[in-house]
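Before any comments, here is the structure.
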Amino acid sequence: MYLRELRINGFKSFADPTRVELRPGVTAIVGPNGCGKSNIADAIRWVLGEQSAKSLRAGAMQDVIFQGTTGRKPLNLCEVSLVFTECEEQLGTAFKEVEVGRRVVRDGGSEYFINGKSCRLKDIQRLFLDTGVGQVSYSFMLQGQIDAILSTNPAERRTIFEEAAGISRYKAQRREAMAKLVGVDANLARVTDVMEEVGRQIGSLRRQATKAIRYQRLKHRLTHLDLASGAFKAGGLRQEVASATAKMEFLRAEALRLRRELDEGGHLLSGKTQSTD
């Protein structure tokens, strides 16, 4: 695997789209101080995920975009792409060539790409694990970086040696697994809290449900008793009505009999009076 091509557009001093082809062998870029040679190395580190603007000799990440000159307006975005070839075995992909890119705009938006498709920085870092390629690796050495590595403490140099030894992938996987375990522990704690709260709610709801069932039973029994009481009262009243009706009929008949007797008695009394006269 080797870096075959570098494309830069709007990064630092590269205002125009620039294509740098790197063929097998030795490729050298020669120029006077200040012509932008170091910007090429910065562009490579930047596209591979460098997050420190200070490491790119800038105040902020948007400062890597071409700032303009007296005769040219500043640009609104910059993008850099790296094309690696013969990388099927090292990167574990089905492609002979792999292109990684990064784009940033002046308003703060940033994107990463693999073969033209949007991706995450984590995907690029995972792609190049154990290959020696990355923003902090032994494949890309800037001016003065070797002296800086030699002068740093062993803990800081350990990252480079682990990358060269091919164990950085496993350490990254271990960190990711540990982070997932921490997340699982946090989720379990939240689930436990939820279960305790639900348990308390279940007890309260169970008591409420028991009261509701008892209320329904009592209401059902009261309804039946009320209906039975109403039926009993209705039966009694019906009997009283029947008895009163029968008595009324009897009294009506008795009244008619007495009226007839009274009428007959009146006629007899009138006949006797006439005979006496």
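Ligands are numbered from 1 in the order shown, residues from 1 within each chain, and chains are lettered A, B, ... in the order they appear in the structure tokens.
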
Could you go through stretch 97-259 of chain A and tell me which residues DSSP, when run on the backbone, assigns to strand (DSSP E), listing them as a CSV table (one decimal) with C-alpha atoms, in the first residue's frame?
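Printed below is out-v2.csv as written:
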```csv
chain,number,residue,atom,x,y,z
A,97,GLU,CA,-7.8,2.0,-4.5
A,98,VAL,CA,-9.3,3.8,-1.5
A,99,GLU,CA,-9.9,7.5,-1.4
A,100,VAL,CA,-10.4,9.3,1.9
A,101,GLY,CA,-11.3,13.0,2.1
A,102,ARG,CA,-12.3,15.8,4.4
A,103,ARG,CA,-14.2,19.0,3.8
A,104,VAL,CA,-14.7,21.9,6.1
A,105,VAL,CA,-16.7,25.1,5.5
A,110,SER,CA,-17.1,19.4,8.6
A,111,GLU,CA,-17.5,16.1,6.7
A,112,TYR,CA,-15.4,13.0,6.1
A,113,PHE,CA,-15.6,10.8,3.1
A,114,ILE,CA,-14.4,7.3,2.1
A,117,LYS,CA,-19.4,8.5,0.6
A,118,SER,CA,-19.9,10.4,3.8
A,119,CYS,CA,-18.6,8.7,6.9
```

For A:Leu56, please output as a short mmCIF file (atom, residue, chain, number, x, y, z; two decimals) with N, CA, C and O atoms, in the first residue's frame all residues within 9 Å (counting only C-alpha atoms; exclusion window: fewer than 4 positions along the same chain).
```
data_model
loop_
_atom_site.label_atom_id
_atom_site.label_comp_id
_atom_site.auth_asym_id
_atom_site.auth_seq_id
_atom_site.Cartn_x
_atom_site.Cartn_y
_atom_site.Cartn_z
N ASN A 39 2.65 22.92 4.28
CA ASN A 39 1.19 22.85 4.17
C ASN A 39 0.73 21.52 3.57
O ASN A 39 -0.39 21.07 3.83
N ASP A 42 0.71 19.21 6.45
CA ASP A 42 -0.45 19.58 7.28
C ASP A 42 -1.75 19.07 6.64
O ASP A 42 -2.66 18.63 7.35
N ALA A 43 -1.84 19.17 5.33
CA ALA A 43 -3.04 18.70 4.64
C ALA A 43 -3.24 17.20 4.83
O ALA A 43 -4.37 16.73 5.02
N ARG A 45 -2.12 15.33 7.39
CA ARG A 45 -2.54 15.10 8.77
C ARG A 45 -3.99 15.55 8.97
O ARG A 45 -4.76 14.90 9.69
N TRP A 46 -4.36 16.64 8.32
CA TRP A 46 -5.72 17.17 8.51
C TRP A 46 -6.77 16.22 7.96
O TRP A 46 -7.78 15.95 8.60
N GLU A 50 -6.80 15.09 12.04
CA GLU A 50 -6.19 15.96 13.04
C GLU A 50 -7.24 16.94 13.58
O GLU A 50 -7.93 17.62 12.83
N GLN A 51 -7.38 16.99 14.93
CA GLN A 51 -8.39 17.83 15.56
C GLN A 51 -7.81 19.06 16.23
O GLN A 51 -8.56 19.96 16.64
N SER A 52 -6.49 19.14 16.33
CA SER A 52 -5.87 20.27 17.00
C SER A 52 -5.46 21.31 15.97
O SER A 52 -4.61 21.06 15.10
N MET A 61 -9.92 25.81 13.55
CA MET A 61 -9.97 24.88 12.44
C MET A 61 -10.38 25.57 11.15
O MET A 61 -9.95 25.19 10.06
N VAL A 64 -7.71 27.05 8.48
CA VAL A 64 -7.02 26.30 7.43
C VAL A 64 -7.59 26.61 6.06
O VAL A 64 -7.00 26.25 5.04
#
```

**Q.** Separation of atom CA of A:Arg200 from atom CA of A:Leu188 in Å
**A.**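 Distance between the two atoms: 18.2 Å.
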
(Q) as JSON, numbers by chain, please: the residues near A:Arg7 (cut-off 7 Å, only C-alpha atoms, same-chain neighbours under 5 positions excluded). (A) {"A": [18, 19, 20, 80, 81, 82]}

With N, CA, C and O atoms retained, could you export that selection as a PDB file, in the first residue's frame?
```pdb
ATOM      1  N   THR A  18      -5.246  21.638  -6.511  1.00  0.00           N
ATOM      2  CA  THR A  18      -3.882  21.170  -6.755  1.00  0.00           C
ATOM      3  C   THR A  18      -3.848  19.658  -6.637  1.00  0.00           C
ATOM      4  O   THR A  18      -4.421  19.090  -5.703  1.00  0.00           O
ATOM      5  N   ARG A  19      -3.177  19.027  -7.590  1.00  0.00           N
ATOM      6  CA  ARG A  19      -3.061  17.569  -7.594  1.00  0.00           C
ATOM      7  C   ARG A  19      -1.587  17.204  -7.542  1.00  0.00           C
ATOM      8  O   ARG A  19      -0.796  17.612  -8.388  1.00  0.00           O
ATOM      9  N   VAL A  20      -1.236  16.420  -6.492  1.00  0.00           N
ATOM     10  CA  VAL A  20       0.146  15.976  -6.319  1.00  0.00           C
ATOM     11  C   VAL A  20       0.167  14.460  -6.521  1.00  0.00           C
ATOM     12  O   VAL A  20      -0.437  13.721  -5.753  1.00  0.00           O
ATOM     13  N   VAL A  80      -9.563  18.201   1.124  1.00  0.00           N
ATOM     14  CA  VAL A  80      -8.333  17.466   0.809  1.00  0.00           C
ATOM     15  C   VAL A  80      -8.704  16.000   0.649  1.00  0.00           C
ATOM     16  O   VAL A  80      -9.530  15.476   1.400  1.00  0.00           O
ATOM     17  N   SER A  81      -8.091  15.340  -0.335  1.00  0.00           N
ATOM     18  CA  SER A  81      -8.332  13.919  -0.576  1.00  0.00           C
ATOM     19  C   SER A  81      -7.012  13.196  -0.725  1.00  0.00           C
ATOM     20  O   SER A  81      -6.064  13.726  -1.326  1.00  0.00           O
ATOM     21  N   LEU A  82      -6.947  11.982  -0.174  1.00  0.00           N
ATOM     22  CA  LEU A  82      -5.796  11.096  -0.334  1.00  0.00           C
ATOM     23  C   LEU A  82      -6.256   9.840  -1.050  1.00  0.00           C
ATOM     24  O   LEU A  82      -7.304   9.288  -0.718  1.00  0.00           O
TER      25      LEU A  82
END
```

Q: Could you tell me which of A:Gly36, A:Gln173, A:Val194, A:Met1 comes closest to A:Thr93 if we count only C-alpha atoms?
A: A:Met1

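Relative to atom CA of A:Ala15, atom CA of A:Leu77 is found at 10.2 Å.
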
Q: Work out how far apart atom CA of A:Met178 and atom CA of A:Asp123 are and give it in Å to one decimal.
A: 18.7 Å

Q. Which of these, A:Ser13, A:Gln90, A:Gln239, A:Thr192, has the shortest distance to A:Leu127 once you count only C-alpha atoms?
A.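 Nearest candidate to A:Leu127 out of A:Ser13, A:Gln90, A:Gln239, A:Thr192: A:Gln90.
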
Q) Looking at only C-alpha atoms, which of A:Gly31, A:Gly265, A:Gly230, A:Gly108 is the one that sits closest to A:Ala60? A)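 Among the listed residues, A:Gly108 lies closest to A:Ala60.
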
Which of stretch 86-127 of chain A DSSP labels helix (DSSP H, G or I), written as a PDB file with C-alpha atoms, in the first residue's frame:
```
ATOM      1  CA  GLU A  88      -6.699  -4.554  -0.358  1.00  0.00           C
ATOM      2  CA  GLU A  89      -4.690  -6.613   2.142  1.00  0.00           C
ATOM      3  CA  GLN A  90      -3.608  -3.845   4.489  1.00  0.00           C
ATOM      4  CA  LEU A  91      -7.006  -2.134   4.734  1.00  0.00           C
ATOM      5  CA  LEU A 121     -13.876  10.204  11.643  1.00  0.00           C
ATOM      6  CA  LYS A 122     -14.117   6.965  13.624  1.00  0.00           C
ATOM      7  CA  ASP A 123     -14.567   5.037  10.361  1.00  0.00           C
ATOM      8  CA  ILE A 124     -11.377   6.542   8.916  1.00  0.00           C
ATOM      9  CA  GLN A 125      -9.415   5.850  12.096  1.00  0.00           C
ATOM     10  CA  ARG A 126     -10.680   2.274  12.171  1.00  0.00           C
ATOM     11  CA  LEU A 127      -9.800   1.827   8.488  1.00  0.00           C
TER      12      LEU A 127
END
```
